[in-house]
Amino acid sequence: MNQIKLVVAGAVVLLGAIAFSGYFSQSTPTATDKASAAVGSSNTLRIGVDSTEPVYFKSEDGSAKGFDYEMARSVAEGMGLEPEFVAMDFNELFPALRAGKIDMIGAQVTNTSVLEREFDFSAPYFSTYVAFLTPEGSTIRRRRDVDGKRIAVVDGAIQESYLRDKYHDVQIVKAPNVGAAVDLIERGEADALFHGAPYAQSIIKGAPIVLEEPIVYPVDNAPIGFVIRSGDQRKAQIDEVLKDMVLSGEWLKIKTAYFEADPLSDVFRDKGA
């Protein structure tokens, strides 16, 4: 079992703790609440996704699959809506949501206080792990080795703000996407890429240069949720569907279809998953 599989497998325990300790503790929406939430909405839920990582979203030959795809589709169908997926670069997702081109983002977005000032988040459906990816022969072997280094990040991703908050002696180099970030490393303009850990192995596999095994670690109190516009009354519906998916075991079924199976935590077992 490689390090990424261990990391992702462990996320289920943290997710369970987050989910049932507060995010799902609110009262269940009534039929009246659900009816009012649907007012002014169409029968379609337009979901913005990041198509750069196949394990989360991949469209091929007229069909789609992926963890975020399955989760978002189940949420939409649980709300009685038809899901419509719109793939774009990550840094295009929030402008699209602001402009009303999409209704929800399903792209492994970490809930942060900065984003919460402008957007609403659903209850969590995953947890955040991050990784430094370095070229072959790099002197960066541990997290503290990044001090004084040039670190590439995808513009608009959570890793940029986290890097600013936690690492005060690094030079941040922005790139529009992962491919461009790896190009910066190849050209010697960046010493490492800081990105979501579950993406690491596919980045290593597809990179035009040899990358070392990632330096992976969890981010405390960093749940991943669906993002909607502030004040969107459908949040209550989304949260209720996610709660039902956890309690019924559907969340775990989707998770284990894309990531290595792991023992059920006591939280999920007690809830009947």
# chains A, B, ... in the order shown; residues from 1 in each chain; ligands from 1

$ select_by_dssp --residues "stretch 29-267 of chain A" --states "alpha helix (DSSP H)" --output "ChimeraX atom specification"
/A:31-38,67-78,90-98,113-116,158-166,178-186,200-206,235-248,250-258,266-267

$ closest_atom_pairs --of "stretch 55-143 of chain A" --to "stretch 214-223 of chain A" --cutoff "12 Å" --atoms "only C-alpha atoms" --output "Markdown table"
| residue | atom | partner | partner_atom | distance |
| --- | --- | --- | --- | --- |
| A:Gln108 | CA | A:Pro223 | CA | 9.3 |
| A:Val109 | CA | A:Pro223 | CA | 8.4 |
| A:Thr110 | CA | A:Pro223 | CA | 5.7 |
| A:Asn111 | CA | A:Pro223 | CA | 5.7 |
| A:Thr112 | CA | A:Ala222 | CA | 7.2 |
| A:Ser113 | CA | A:Ala222 | CA | 10.2 |
| A:Phe121 | CA | A:Pro223 | CA | 9.8 |
| A:Ser122 | CA | A:Pro223 | CA | 9.9 |
| A:Ala123 | CA | A:Pro223 | CA | 8.4 |
| A:Pro124 | CA | A:Pro223 | CA | 5.5 |
| A:Tyr125 | CA | A:Pro223 | CA | 7.5 |
| A:Phe126 | CA | A:Pro223 | CA | 6.2 |
| A:Ser127 | CA | A:Pro223 | CA | 4.7 |
| A:Thr128 | CA | A:Ala222 | CA | 5.7 |
| A:Tyr129 | CA | A:Pro218 | CA | 4.3 |
| A:Val130 | CA | A:Tyr217 | CA | 5.8 |
| A:Ala131 | CA | A:Val216 | CA | 4.4 |
| A:Phe132 | CA | A:Ile215 | CA | 5.1 |
| A:Leu133 | CA | A:Pro214 | CA | 5.0 |
| A:Thr134 | CA | A:Pro214 | CA | 7.3 |
| A:Pro135 | CA | A:Pro214 | CA | 10.0 |
| A:Glu136 | CA | A:Pro214 | CA | 11.2 |
| A:Ser138 | CA | A:Pro214 | CA | 11.6 |
| A:Ile140 | CA | A:Ile215 | CA | 9.1 |
| A:Arg141 | CA | A:Ile215 | CA | 7.5 |
| A:Arg142 | CA | A:Ile215 | CA | 6.7 |
| A:Arg143 | CA | A:Ile215 | CA | 7.1 |

$ select_by_dssp --residues "stretch 80-159 of chain A" --states "strand (DSSP E or B)" --output "VMD selection string"
chain A and resid 82 to 88 104 to 110 119 to 133 135 150 to 154

$ atom_distance --atom1 "atom CA of A:Val114" --atom2 "atom CA of A:Gly196"
18.3 Å

$ closest_residue --among "A:Asp50, A:Glu212, A:Asp169, A:Glu60" --to "A:Arg150" --atoms "only C-alpha atoms"
A:Asp169

$ residues_around --residues "A:Leu97" --least-positions-apart "4" --cutoff "9 Å" --atoms "only C-alpha atoms" --output "number ranges by chain"
A: 48, 92-93, 101-105, 227-229

$ atom_distance --atom1 "atom CA of A:Ser59" --atom2 "atom CA of A:Ala87"
9.0 Å

$ residues_around --residues "A:Ile151" --least-positions-apart "6" --cutoff "7 Å" --atoms "only C-alpha atoms" --output "short mmCIF file (atom, residue, chain, number, x, y, z; two decimals) with all heavy atoms, in the first residue's frame"
data_model
loop_
_atom_site.label_atom_id
_atom_site.label_comp_id
_atom_site.auth_asym_id
_atom_site.auth_seq_id
_atom_site.Cartn_x
_atom_site.Cartn_y
_atom_site.Cartn_z
N VAL A 170 8.91 31.13 2.18
CA VAL A 170 8.90 30.54 0.84
C VAL A 170 8.46 31.60 -0.17
O VAL A 170 7.76 32.56 0.17
CB VAL A 170 7.94 29.33 0.75
CG1 VAL A 170 8.35 28.24 1.73
CG2 VAL A 170 6.50 29.74 0.98
N GLN A 171 8.86 31.39 -1.40
CA GLN A 171 8.42 32.26 -2.49
C GLN A 171 7.35 31.52 -3.27
O GLN A 171 7.60 30.46 -3.84
CB GLN A 171 9.60 32.61 -3.41
CG GLN A 171 9.20 33.49 -4.59
CD GLN A 171 10.36 33.76 -5.53
OE1 GLN A 171 11.52 33.63 -5.15
NE2 GLN A 171 10.05 34.11 -6.78
N ILE A 172 6.15 32.06 -3.29
CA ILE A 172 5.03 31.41 -3.97
C ILE A 172 5.04 31.78 -5.45
O ILE A 172 5.09 32.95 -5.81
CB ILE A 172 3.69 31.80 -3.32
CG1 ILE A 172 3.66 31.30 -1.87
CG2 ILE A 172 2.52 31.24 -4.12
CD1 ILE A 172 2.42 31.73 -1.11
N VAL A 173 4.98 30.75 -6.29
CA VAL A 173 4.94 30.93 -7.74
C VAL A 173 3.61 30.37 -8.23
O VAL A 173 3.35 29.17 -8.10
CB VAL A 173 6.11 30.23 -8.44
CG1 VAL A 173 6.11 30.55 -9.93
CG2 VAL A 173 7.44 30.61 -7.80
N ALA A 190 10.76 26.91 -10.34
CA ALA A 190 10.15 26.52 -9.06
C ALA A 190 10.88 25.27 -8.56
O ALA A 190 11.38 24.47 -9.35
CB ALA A 190 8.66 26.24 -9.21
N ASP A 191 10.94 25.15 -7.23
CA ASP A 191 11.65 24.02 -6.62
C ASP A 191 10.73 22.87 -6.25
O ASP A 191 11.19 21.74 -6.03
CB ASP A 191 12.40 24.50 -5.37
CG ASP A 191 13.39 25.60 -5.68
OD1 ASP A 191 14.29 25.36 -6.51
OD2 ASP A 191 13.26 26.71 -5.10
N ALA A 192 9.44 23.14 -6.15
CA ALA A 192 8.49 22.11 -5.76
C ALA A 192 7.09 22.57 -6.12
O ALA A 192 6.84 23.75 -6.36
CB ALA A 192 8.58 21.82 -4.27
N LEU A 193 6.18 21.62 -6.15
CA LEU A 193 4.75 21.89 -6.33
C LEU A 193 4.04 21.52 -5.05
O LEU A 193 4.26 20.44 -4.49
CB LEU A 193 4.19 21.07 -7.50
CG LEU A 193 2.67 20.95 -7.61
CD1 LEU A 193 2.01 22.32 -7.82
CD2 LEU A 193 2.28 20.00 -8.73
N PHE A 194 3.18 22.40 -4.57
CA PHE A 194 2.37 22.14 -3.37
C PHE A 194 0.94 21.97 -3.84
O PHE A 194 0.33 22.89 -4.39
CB PHE A 194 2.50 23.32 -2.40
CG PHE A 194 1.88 23.08 -1.06
CD1 PHE A 194 2.15 21.93 -0.33
CD2 PHE A 194 1.02 24.02 -0.49
CE1 PHE A 194 1.60 21.72 0.93
CE2 PHE A 194 0.47 23.82 0.77
CZ PHE A 194 0.76 22.67 1.47
#

$ closest_residue --among "A:Val182, A:Ala236, A:Lys243, A:Arg46" --to "A:Leu211" --atoms "only C-alpha atoms"
A:Val182

$ closest_residue --among "A:Gly188, A:Pro54, A:Gly100, A:Gly231" --to "A:Asp68" --atoms "only C-alpha atoms"
A:Pro54

$ residues_around --residues "A:Val210" --least-positions-apart "3" --cutoff "10 Å" --atoms "only C-alpha atoms" --output "list in words"
Thr134, Pro135, Glu136, Gly137, Glu186, Ile204, Lys205, Gly206, Ala207 and Glu213 of chain A

$ atom_distance --atom1 "atom CA of A:Gly156" --atom2 "atom CA of A:Ser74"
26.6 Å
